[in-house]
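Next comes work.tsv, with TSV, C-alpha atoms.
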```
chain	number	residue	atom	x	y	z
A	926	MET	CA	212.68	174.98	111.67
A	927	ARG	CA	210.17	173.35	113.95
A	928	SER	CA	210.93	175.84	116.78
A	929	CYS	CA	210.39	178.76	114.39
A	930	VAL	CA	206.99	177.41	113.42
A	931	ALA	CA	206.17	176.97	117.11
A	932	GLY	CA	207.17	180.56	117.77
A	933	ALA	CA	204.95	181.79	114.97
A	934	ASP	CA	202.05	179.73	116.26
A	935	VAL	CA	202.47	181.16	119.77
A	936	LEU	CA	202.66	184.71	118.43
A	937	GLY	CA	199.54	184.18	116.35
A	938	THR	CA	197.67	182.84	119.35
A	939	VAL	CA	198.69	185.80	121.51
A	940	LEU	CA	197.79	188.37	118.85
A	941	ALA	CA	194.38	186.77	118.45
A	942	ALA	CA	193.88	186.84	122.20
A	943	LEU	CA	194.89	190.49	122.37
A	944	SER	CA	192.44	191.33	119.60
A	945	THR	CA	189.66	189.60	121.51
A	946	ILE	CA	190.56	191.42	124.71
A	947	GLU	CA	190.61	194.79	123.00
A	948	ASN	CA	187.15	194.18	121.60
A	949	ARG	CA	185.84	193.83	125.11
A	950	GLU	CA	185.73	196.29	127.99
A	951	TYR	CA	189.06	194.99	129.35
A	952	ARG	CA	191.65	196.89	127.36
A	953	MET	CA	195.32	196.02	127.78
A	954	ASN	CA	197.74	198.82	128.48
A	955	LYS	CA	199.39	199.51	125.11
A	956	LEU	CA	202.73	200.04	126.81
A	957	LEU	CA	202.77	196.39	127.89
A	958	ARG	CA	201.71	194.99	124.51
A	959	PRO	CA	205.24	194.75	123.01
A	960	PHE	CA	206.52	192.97	126.11
A	961	VAL	CA	203.71	190.43	126.03
A	962	ILE	CA	204.35	189.69	122.35
A	963	ALA	CA	208.08	189.31	123.02
A	964	ALA	CA	207.38	186.99	125.94
A	965	ALA	CA	205.21	184.80	123.71
A	966	LEU	CA	207.91	184.56	121.06
A	967	PHE	CA	210.63	183.55	123.49
A	968	ALA	CA	208.37	181.09	125.29
A	969	ALA	CA	208.66	178.80	122.26
A	970	PHE	CA	212.43	178.49	122.63
A	971	PRO	CA	214.55	176.84	125.35
A	972	ALA	CA	215.88	179.28	127.95
A	973	ARG	CA	219.60	179.95	127.46
A	974	ALA	CA	221.92	182.26	129.35
A	975	GLU	CA	223.19	183.92	126.18
A	976	ASP	CA	219.60	184.94	125.33
A	977	TRP	CA	218.53	185.81	128.87
A	978	PRO	CA	217.03	188.24	129.66
A	979	ALA	CA	215.23	188.92	126.40
A	980	HIS	CA	212.10	190.52	127.87
A	981	LEU	CA	210.60	191.74	131.13
A	982	ILE	CA	211.12	189.83	134.36
A	983	LYS	CA	208.33	189.42	136.89
A	984	ALA	CA	209.39	189.68	140.53
A	985	THR	CA	207.07	188.53	143.30
A	986	ILE	CA	207.41	189.96	146.79
A	987	PRO	CA	205.25	187.85	149.15
A	988	PHE	CA	204.82	190.61	151.74
A	989	GLY	CA	202.91	193.87	152.00
A	990	ALA	CA	204.15	197.11	150.48
A	991	GLY	CA	206.25	199.27	152.77
A	992	SER	CA	207.69	196.48	154.90
A	993	ALA	CA	211.46	195.94	155.06
A	994	ALA	CA	210.97	192.76	153.01
A	995	ASP	CA	209.41	194.98	150.32
A	996	VAL	CA	211.55	198.12	150.47
A	997	VAL	CA	214.94	196.36	150.41
A	998	PRO	CA	214.45	194.25	147.26
A	999	ARG	CA	212.71	197.09	145.41
A	1000	LEU	CA	215.83	199.18	145.88
A	1001	VAL	CA	217.98	196.42	144.39
A	1002	PHE	CA	215.56	195.50	141.58
A	1003	ASP	CA	215.46	199.10	140.33
A	1004	ARG	CA	219.20	199.03	139.78
A	1005	LEU	CA	219.25	195.40	138.62
A	1006	ALA	CA	216.78	196.18	135.83
A	1007	VAL	CA	219.25	198.74	134.46
A	1008	GLU	CA	222.12	196.27	134.72
A	1009	LEU	CA	220.19	193.52	132.91
A	1010	GLY	CA	218.71	195.86	130.31
A	1011	GLN	CA	215.15	194.66	130.90
A	1012	PRO	CA	212.32	195.94	133.13
A	1013	ILE	CA	211.58	194.10	136.37
A	1014	VAL	CA	207.87	194.30	137.14
A	1015	ILE	CA	207.19	193.86	140.87
A	1016	GLU	CA	204.01	192.40	142.31
A	1017	ASN	CA	203.19	192.11	146.01
A	1018	ARG	CA	201.37	188.85	146.79
A	1019	ALA	CA	201.16	188.92	150.58
A	1020	GLY	CA	199.53	186.31	152.76
A	1021	ALA	CA	200.16	183.27	154.97
A	1022	GLY	CA	203.61	184.34	156.14
A	1023	GLY	CA	204.88	184.88	152.61
A	1024	THR	CA	203.94	181.40	151.43
A	1025	LEU	CA	201.28	182.42	148.90
A	1026	GLY	CA	203.62	184.44	146.71
A	1027	SER	CA	206.46	181.98	147.22
A	1028	ASN	CA	204.30	179.12	146.00
A	1029	LEU	CA	203.47	181.02	142.81
A	1030	VAL	CA	207.14	181.32	141.90
A	1031	ALA	CA	207.95	177.76	142.97
A	1032	LYS	CA	205.35	176.54	140.46
A	1033	ALA	CA	206.25	179.04	137.69
A	1034	ASP	CA	208.07	178.19	134.45
A	1035	PRO	CA	211.80	177.79	135.19
A	1036	ASP	CA	212.93	180.17	132.48
A	1037	GLY	CA	214.51	182.98	134.49
A	1038	TYR	CA	211.57	185.35	134.04
A	1039	SER	CA	209.79	184.58	137.33
A	1040	ILE	CA	211.78	185.52	140.42
A	1041	LEU	CA	211.02	185.69	144.12
A	1042	SER	CA	212.32	188.00	146.78
A	1043	ASN	CA	211.94	186.51	150.23
A	1044	SER	CA	213.52	186.80	153.65
A	1045	SER	CA	214.59	184.37	156.34
A	1046	ALA	CA	210.83	183.93	156.87
A	1047	LEU	CA	211.15	181.36	154.07
A	1048	THR	CA	212.92	179.04	156.52
A	1049	ILE	CA	210.24	179.45	159.20
A	1050	ALA	CA	207.15	178.79	157.10
A	1051	PRO	CA	207.49	174.97	156.83
A	1052	ALA	CA	207.20	174.59	160.60
A	1053	ILE	CA	204.25	176.98	160.87
A	1054	PHE	CA	202.42	175.68	157.80
A	1055	PRO	CA	203.15	171.93	157.64
A	1056	SER	CA	200.79	171.44	154.69
A	1057	LEU	CA	202.59	173.81	152.34
A	1058	ALA	CA	202.08	173.19	148.63
A	1059	PHE	CA	205.81	173.64	148.00
A	1060	ASP	CA	209.16	172.84	149.59
A	1061	ALA	CA	211.62	175.72	149.41
A	1062	THR	CA	214.62	173.39	149.68
A	1063	ARG	CA	213.36	171.38	146.70
A	1064	ASP	CA	211.27	173.74	144.56
A	1065	LEU	CA	213.30	176.96	144.74
A	1066	ALA	CA	216.90	177.74	143.80
A	1067	SER	CA	218.89	180.52	145.44
A	1068	VAL	CA	220.26	183.29	143.23
A	1069	LEU	CA	221.36	186.31	145.25
A	1070	MET	CA	221.83	187.20	148.90
A	1071	ILE	CA	221.05	190.91	149.24
A	1072	GLY	CA	222.14	191.26	152.85
A	1073	SER	CA	221.17	190.86	156.48
A	1074	SER	CA	219.95	192.96	159.36
A	1075	ALA	CA	219.88	192.76	163.14
A	1076	ASN	CA	216.85	192.91	165.35
A	1077	VAL	CA	217.21	195.10	168.44
A	1078	MET	CA	215.56	194.27	171.74
A	1079	ILE	CA	213.78	197.47	172.76
A	1080	VAL	CA	211.78	198.13	175.92
A	1081	PRO	CA	209.72	201.10	177.17
A	1082	ASN	CA	211.58	203.95	178.83
A	1083	THR	CA	209.11	203.71	181.68
A	1084	ARG	CA	210.45	200.30	182.73
A	1085	PRO	CA	213.31	200.14	185.28
A	1086	TRP	CA	215.53	197.80	183.25
A	1087	LYS	CA	218.88	199.35	182.35
A	1088	THR	CA	220.48	196.14	181.09
A	1089	VAL	CA	219.25	192.88	179.61
A	1090	GLN	CA	220.36	191.15	182.82
A	1091	ASP	CA	217.96	193.41	184.77
A	1092	PHE	CA	215.19	192.36	182.40
A	1093	ILE	CA	215.90	188.64	182.75
A	1094	THR	CA	216.13	188.88	186.54
A	1095	GLU	CA	212.68	190.47	186.82
A	1096	ALA	CA	211.16	188.11	184.27
A	1097	LYS	CA	212.34	185.12	186.30
A	1098	ALA	CA	211.17	186.68	189.57
A	1099	LYS	CA	207.69	187.32	188.15
A	1100	PRO	CA	206.92	184.40	185.80
A	1101	GLY	CA	204.38	185.24	183.12
A	1102	SER	CA	204.41	188.97	183.82
A	1103	ILE	CA	206.31	189.87	180.62
A	1104	SER	CA	204.62	190.45	177.26
A	1105	PHE	CA	206.29	190.79	173.87
A	1106	GLY	CA	205.07	191.94	170.49
A	1107	SER	CA	205.68	190.66	166.98
A	1108	VAL	CA	204.33	191.21	163.49
A	1109	GLY	CA	202.60	187.84	163.46
A	1110	ILE	CA	202.82	184.25	164.60
A	1111	GLY	CA	205.86	182.61	163.05
A	1112	SER	CA	207.35	185.88	161.79
A	1113	ALA	CA	211.12	186.31	161.91
A	1114	VAL	CA	210.68	188.78	164.79
A	1115	HIS	CA	208.59	186.22	166.66
A	1116	ILE	CA	211.21	183.49	166.23
A	1117	THR	CA	214.01	185.86	167.30
A	1118	THR	CA	212.13	186.56	170.53
A	1119	GLU	CA	211.39	182.89	171.19
A	1120	LYS	CA	215.06	182.01	170.76
A	1121	PHE	CA	215.95	184.69	173.31
A	1122	ARG	CA	213.19	183.58	175.69
A	1123	LEU	CA	214.20	179.92	175.56
A	1124	ALA	CA	217.90	180.69	176.01
A	1125	ALA	CA	217.18	183.02	178.94
A	1126	GLY	CA	214.81	180.53	180.56
A	1127	ILE	CA	211.94	182.98	181.02
A	1128	GLU	CA	208.21	182.94	180.42
A	1129	ALA	CA	206.52	185.62	178.34
A	1130	THR	CA	203.18	186.22	176.66
A	1131	HIS	CA	203.19	186.69	172.89
A	1132	VAL	CA	201.03	189.51	171.51
A	1133	PRO	CA	200.88	189.35	167.69
A	1134	TYR	CA	200.12	192.52	165.71
A	1135	ARG	CA	199.27	193.27	162.09
A	1136	GLY	CA	202.30	195.47	161.57
A	1137	GLY	CA	205.42	196.87	163.16
A	1138	ALA	CA	204.05	200.39	163.58
A	1139	GLU	CA	201.38	199.09	165.95
A	1140	VAL	CA	203.94	197.19	168.04
A	1141	ILE	CA	206.15	200.26	168.34
A	1142	ALA	CA	203.21	202.41	169.41
A	1143	ASP	CA	202.44	199.99	172.24
A	1144	ILE	CA	206.10	199.73	173.27
A	1145	MET	CA	206.39	203.51	173.53
A	1146	GLY	CA	203.07	203.62	175.35
A	1147	GLY	CA	204.23	200.98	177.83
A	1148	ARG	CA	201.43	198.55	176.95
A	1149	ILE	CA	203.86	195.72	176.17
A	1150	ASP	CA	207.33	195.06	177.55
A	1151	LEU	CA	209.52	193.87	174.72
A	1152	TYR	CA	209.94	194.01	170.95
A	1153	PHE	CA	212.82	192.75	168.80
A	1154	CYS	CA	212.62	195.58	166.30
A	1155	PRO	CA	214.39	195.68	162.91
A	1156	LEU	CA	217.54	197.79	163.18
A	1157	ALA	CA	216.61	200.48	160.64
A	1158	THR	CA	213.33	201.13	162.44
A	1159	ALA	CA	214.81	200.94	165.92
A	1160	LEU	CA	217.75	203.33	165.47
A	1161	PRO	CA	215.86	206.65	165.31
A	1162	LEU	CA	213.68	205.62	168.25
A	1163	ILE	CA	216.75	204.79	170.32
A	1164	ARG	CA	218.64	207.94	169.34
A	1165	GLU	CA	215.64	210.12	170.17
A	1166	GLY	CA	215.31	208.46	173.57
A	1167	GLN	CA	211.83	207.09	172.89
A	1168	VAL	CA	212.79	203.50	173.75
A	1169	ARG	CA	215.72	201.73	175.42
A	1170	ALA	CA	217.90	199.15	173.61
A	1171	LEU	CA	219.08	196.19	175.68
A	1172	LEU	CA	220.35	193.60	173.18
A	1173	VAL	CA	221.10	193.02	169.49
A	1174	SER	CA	220.21	189.68	167.96
A	1175	THR	CA	223.38	189.23	165.91
A	1176	PRO	CA	226.57	187.28	166.72
A	1177	LYS	CA	228.57	190.54	166.55
A	1178	ARG	CA	227.81	194.00	167.92
A	1179	VAL	CA	226.16	196.51	165.62
A	1180	VAL	CA	228.35	199.46	164.59
A	1181	ASP	CA	225.52	201.94	165.18
A	1182	LEU	CA	224.92	200.56	168.69
A	1183	PRO	CA	228.42	199.87	170.03
A	1184	ASP	CA	227.34	199.70	173.68
A	1185	VAL	CA	224.55	197.16	173.17
A	1186	PRO	CA	225.66	193.54	173.79
A	1187	THR	CA	225.02	190.38	171.79
A	1188	PRO	CA	223.38	187.21	173.18
A	1189	ALA	CA	226.72	185.40	173.38
A	1190	GLU	CA	228.26	188.23	175.39
A	1191	ILE	CA	225.69	187.80	178.16
A	1192	GLY	CA	225.98	184.02	178.13
A	1193	LEU	CA	222.92	183.10	176.05
A	1194	LYS	CA	223.69	180.11	173.85
A	1195	ASP	CA	222.00	179.65	170.43
A	1196	ALA	CA	220.00	182.87	170.86
A	1197	ASP	CA	221.47	184.93	168.03
A	1198	SER	CA	219.69	185.43	164.73
A	1199	VAL	CA	219.75	187.67	161.68
A	1200	ILE	CA	217.07	188.59	159.19
A	1201	TRP	CA	218.31	188.19	155.64
A	1202	PHE	CA	216.84	189.09	152.26
A	1203	GLY	CA	217.46	187.05	149.12
A	1204	VAL	CA	216.33	186.32	145.57
A	1205	PHE	CA	215.16	182.93	144.30
A	1206	VAL	CA	213.94	181.26	141.09
A	1207	PRO	CA	212.12	177.98	140.35
A	1208	ALA	CA	214.44	175.06	141.06
A	1209	LYS	CA	214.74	173.83	137.46
A	1210	THR	CA	215.88	177.19	136.09
A	1211	PRO	CA	218.99	176.53	133.93
A	1212	ARG	CA	222.10	176.86	136.02
A	1213	ASP	CA	223.84	179.13	133.53
A	1214	ILE	CA	220.98	181.63	133.93
A	1215	VAL	CA	221.33	181.44	137.72
A	1216	VAL	CA	225.06	182.12	137.39
A	1217	LYS	CA	224.50	185.06	135.04
A	1218	PHE	CA	221.79	186.51	137.30
A	1219	HIS	CA	224.02	186.13	140.37
A	1220	ALA	CA	226.91	187.90	138.65
A	1221	ALA	CA	224.68	190.84	137.66
A	1222	GLY	CA	223.32	191.04	141.19
A	1223	MET	CA	226.78	191.04	142.77
A	1224	LYS	CA	227.83	193.84	140.45
A	1225	VAL	CA	224.84	195.89	141.60
A	1226	LEU	CA	225.49	195.15	145.29
A	1227	SER	CA	229.17	196.11	145.00
A	1228	ASP	CA	228.31	199.60	143.75
A	1229	PRO	CA	229.19	202.13	146.53
A	1230	PRO	CA	225.96	204.17	146.21
A	1231	MET	CA	223.93	200.95	146.50
A	1232	GLN	CA	225.93	199.89	149.55
A	1233	GLU	CA	225.30	203.27	151.16
A	1234	SER	CA	221.57	203.06	150.43
A	1235	LEU	CA	221.35	199.58	151.94
A	1236	LYS	CA	223.34	200.71	154.98
A	1237	LYS	CA	220.77	203.43	155.64
A	1238	LEU	CA	218.14	200.69	155.75
A	1239	GLY	CA	220.20	198.77	158.31
A	1240	ILE	CA	221.32	196.13	155.80
A	1241	ASP	CA	224.82	194.65	156.05
A	1242	PRO	CA	226.52	192.79	153.19
A	1243	MET	CA	226.22	189.00	153.39
A	1244	PRO	CA	227.96	187.76	150.24
A	1245	MET	CA	227.58	184.11	149.34
A	1246	THR	CA	227.26	181.91	146.28
A	1247	PRO	CA	223.91	180.43	145.21
A	1248	SER	CA	225.07	177.03	146.52
A	1249	GLU	CA	226.00	178.53	149.88
A	1250	MET	CA	222.56	180.16	150.02
A	1251	ASP	CA	220.89	176.83	149.31
A	1252	ASP	CA	222.82	175.30	152.22
A	1253	LEU	CA	221.82	178.21	154.48
A	1254	VAL	CA	218.14	177.71	153.69
A	1255	LYS	CA	218.39	174.01	154.54
A	1256	ARG	CA	220.23	174.63	157.83
A	1257	GLU	CA	217.92	177.39	159.00
A	1258	THR	CA	214.79	175.47	158.05
A	1259	ALA	CA	215.87	172.59	160.30
A	1260	ALA	CA	216.98	174.91	163.12
A	1261	ASN	CA	213.76	176.94	163.09
A	1262	LEU	CA	211.69	173.76	163.19
A	1263	ALA	CA	213.47	172.82	166.42
A	1264	VAL	CA	212.85	176.29	167.94
A	1265	ILE	CA	209.18	176.28	167.00
A	1266	GLU	CA	208.65	172.81	168.45
A	1267	ALA	CA	210.49	173.75	171.68
A	1268	ALA	CA	208.45	176.95	172.05
A	1269	GLY	CA	205.17	175.17	171.28
A	1270	ILE	CA	204.27	177.69	168.57
A	1271	LYS	CA	201.12	176.91	166.62
A	1272	PRO	CA	199.56	178.89	163.73
```

Translate the structure of the given file into structure tokens.
Amino acid sequence: MRSCVAGADVLGTVLAALSTIENREYRMNKLLRPFVIAAALFAAFPARAEDWPAHLIKATIPFGAGSAADVVPRLVFDRLAVELGQPIVIENRAGAGGTLGSNLVAKADPDGYSILSNSSALTIAPAIFPSLAFDATRDLASVLMIGSSANVMIVPNTRPWKTVQDFITEAKAKPGSISFGSVGIGSAVHITTEKFRLAAGIEATHVPYRGGAEVIADIMGGRIDLYFCPLATALPLIREGQVRALLVSTPKRVVDLPDVPTPAEIGLKDADSVIWFGVFVPAKTPRDIVVKFHAAGMKVLSDPPMQESLKKLGIDPMPMTPSEMDDLVKRETAANLAVIEAAGIKP
């Protein structure tokens, strides 16, 4: 009885607030009004898997629109909303290597209605931003691994290097002459390149850019020497002969680039890396909701049309349980800290 009274009180408060808002110049979109009222009603009751989801879900993507970290989860969320029977409203909150948006979800109510899509950048941020307001291993719980992608080491066609061994030989012969691009200090692309550089024992100058398109333009123009480019972006450039591929970052060769070796195949130890994309919720979200969410997500990811769409974006399946994802985040956070310290990377 007490919870019913609480629900009525919450609804009354929200309706009064809406009335006040509508009397001012800030008018709420009428299409959202029913969802807001429903959210207020259910806020008064404990979150339970059998009730979830009862209203819209807010998804935060902590990167800019149009990036791989934005396009990939949007594709999945569109289908997931249908599977769950509730809309998923997506908001981009970019900034500080994805930490601004991630912090918002880490501090949100753990009721299953605030979710985060992030990438392996989540495991890099603690080493780049030591004063973070949240700890991903403590404040976020893994829900769904969408998949992973390789980075491809591309170089200008104007350079003489035909193999990665040619590249390493010249880099060692001319210390400091090599430059490489990334989409920002501490980005996954940056860390991939540093792991390669450290394993190969070469020096190189880092040139950070605002976005991948700018890096690619300078690679094709011969203004920088190296870029570990996301697979989906690299493939058309390679096939059209605009750049040359020397290495893939993954432990296994990429099907679309069967002649391009992996780091292990050329004797580089601990130089492989993948970029993955996953979904998270606040750590105290009820476990039965996490399990239900994971099951819905796996159903979506197992759908052949979805698998084909992800493949076109260069995304490979990477199935794992939420617990296995949590362990992955912990391992990669520790490993990336060691790489960043060894490379002397500072924000």

Practice problem: Find the residues near Ser1248 of chain A: any atom within 8 Å, counting all atoms listed in the file, skip ones fewer than 3 places away on the same chain, and give them as an MDAnalysis selection string. | Solution: chainID A and resid 1067 1251:1252

Self-check item: Nearest candidate to Val1168 of chain A (options A:Pro1081, A:Pro1244, A:Gly1010, A:Gly1136; using all atoms listed in the file)
Solution: A:Pro1081

Quiz item: How far is it from atom CA of Leu1235 of chain A to atom CA of Leu1162 of chain A, in Å with one decimal?
Solution: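 We find that atom CA of Leu1235 of chain A and atom CA of Leu1162 of chain A lie 19.0 Å from each other.
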
Self-check item: Counting only C-alpha atoms, the residue of A:Pro1133, A:Pro978, A:Gly1147, A:Ala1196 that sits nearest Glu1008 of chain A
Solution: A:Pro978

Quiz item: For Asp1060 of chain A, which residue out of A:Pro1207, A:Gly1037, A:Pro998, A:Gly991 is the nearest one, using all atoms listed in the file?
Solution: A:Pro1207

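With atom CA of Ala1019 of chain A on one side and atom CA of Ala990 of chain A on the other, the separation reads 8.7 Å.
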
Quiz item: Which polymer residues have any atom within 12 Å of an atom of Ile1265 of chain A, counting all atoms listed in the file, with same-chain residues fewer than 2 positions away left out, as a ChimeraX atom specification?
Solution: /A:1048-1055,1110-1113,1115-1120,1123,1257-1263,1267-1272

Quiz item: Which is closest to Ala1159 of chain A among A:Val1068, A:Ile1214, A:Met1078, A:Ile1040, if we use only C-alpha atoms?
Solution: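 Among the listed residues, A:Met1078 lies closest to Ala1159 of chain A.
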
Starting from the sparse input, extend segment 996-1016 of chain A to N, CA and C atoms and give the output as an mmCIF file, keeping the file's coordinate frame.
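result.cif was written with the following content:
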```cif
data_model
loop_
_atom_site.group_PDB
_atom_site.id
_atom_site.type_symbol
_atom_site.label_atom_id
_atom_site.label_comp_id
_atom_site.auth_asym_id
_atom_site.auth_seq_id
_atom_site.Cartn_x
_atom_site.Cartn_y
_atom_site.Cartn_z
ATOM 1 N N VAL A 996 210.723 196.950 150.804
ATOM 2 C CA VAL A 996 211.550 198.120 150.470
ATOM 3 C C VAL A 996 212.945 197.713 150.020
ATOM 4 N N VAL A 997 213.555 196.754 150.713
ATOM 5 C CA VAL A 997 214.940 196.360 150.410
ATOM 6 C C VAL A 997 215.074 195.790 149.002
ATOM 7 N N PRO A 998 214.289 194.773 148.622
ATOM 8 C CA PRO A 998 214.450 194.250 147.260
ATOM 9 C C PRO A 998 214.058 195.230 146.169
ATOM 10 N N ARG A 999 213.081 196.088 146.429
ATOM 11 C CA ARG A 999 212.710 197.090 145.410
ATOM 12 C C ARG A 999 213.902 197.981 145.073
ATOM 13 N N LEU A 1000 214.648 198.356 146.089
ATOM 14 C CA LEU A 1000 215.830 199.180 145.880
ATOM 15 C C LEU A 1000 216.822 198.477 144.950
ATOM 16 N N VAL A 1001 217.030 197.199 145.190
ATOM 17 C CA VAL A 1001 217.980 196.420 144.390
ATOM 18 C C VAL A 1001 217.426 196.146 142.990
ATOM 19 N N PHE A 1002 216.144 195.824 142.884
ATOM 20 C CA PHE A 1002 215.560 195.500 141.580
ATOM 21 C C PHE A 1002 215.579 196.700 140.640
ATOM 22 N N ASP A 1003 215.407 197.901 141.179
ATOM 23 C CA ASP A 1003 215.460 199.100 140.330
ATOM 24 C C ASP A 1003 216.803 199.196 139.621
ATOM 25 N N ARG A 1004 217.861 198.944 140.360
ATOM 26 C CA ARG A 1004 219.200 199.030 139.780
ATOM 27 C C ARG A 1004 219.515 197.799 138.929
ATOM 28 N N LEU A 1005 219.007 196.648 139.343
ATOM 29 C CA LEU A 1005 219.250 195.400 138.620
ATOM 30 C C LEU A 1005 218.605 195.426 137.231
ATOM 31 N N ALA A 1006 217.449 196.070 137.129
ATOM 32 C CA ALA A 1006 216.780 196.180 135.830
ATOM 33 C C ALA A 1006 217.660 196.942 134.838
ATOM 34 N N VAL A 1007 218.334 197.964 135.321
ATOM 35 C CA VAL A 1007 219.250 198.740 134.460
ATOM 36 C C VAL A 1007 220.433 197.866 134.053
ATOM 37 N N GLU A 1008 220.969 197.122 134.997
ATOM 38 C CA GLU A 1008 222.120 196.270 134.720
ATOM 39 C C GLU A 1008 221.790 195.169 133.717
ATOM 40 N N LEU A 1009 220.590 194.602 133.808
ATOM 41 C CA LEU A 1009 220.190 193.520 132.910
ATOM 42 C C LEU A 1009 219.631 194.026 131.590
ATOM 43 N N GLY A 1010 219.250 195.296 131.544
ATOM 44 C CA GLY A 1010 218.710 195.860 130.310
ATOM 45 C C GLY A 1010 217.279 195.478 130.025
ATOM 46 N N GLN A 1011 216.562 195.027 131.051
ATOM 47 C CA GLN A 1011 215.150 194.660 130.900
ATOM 48 C C GLN A 1011 214.383 195.121 132.136
ATOM 49 N N PRO A 1012 213.111 195.510 131.959
ATOM 50 C CA PRO A 1012 212.320 195.940 133.130
ATOM 51 C C PRO A 1012 212.046 194.772 134.081
ATOM 52 N N ILE A 1013 211.999 195.076 135.356
ATOM 53 C CA ILE A 1013 211.580 194.100 136.370
ATOM 54 C C ILE A 1013 210.275 194.618 136.966
ATOM 55 N N VAL A 1014 209.197 193.920 136.675
ATOM 56 C CA VAL A 1014 207.870 194.300 137.140
ATOM 57 C C VAL A 1014 207.616 193.613 138.476
ATOM 58 N N ILE A 1015 207.339 194.394 139.511
ATOM 59 C CA ILE A 1015 207.190 193.860 140.870
ATOM 60 C C ILE A 1015 205.724 193.753 141.243
ATOM 61 N N GLU A 1016 205.380 192.620 141.828
ATOM 62 C CA GLU A 1016 204.010 192.400 142.310
ATOM 63 C C GLU A 1016 204.058 191.905 143.749
#
```
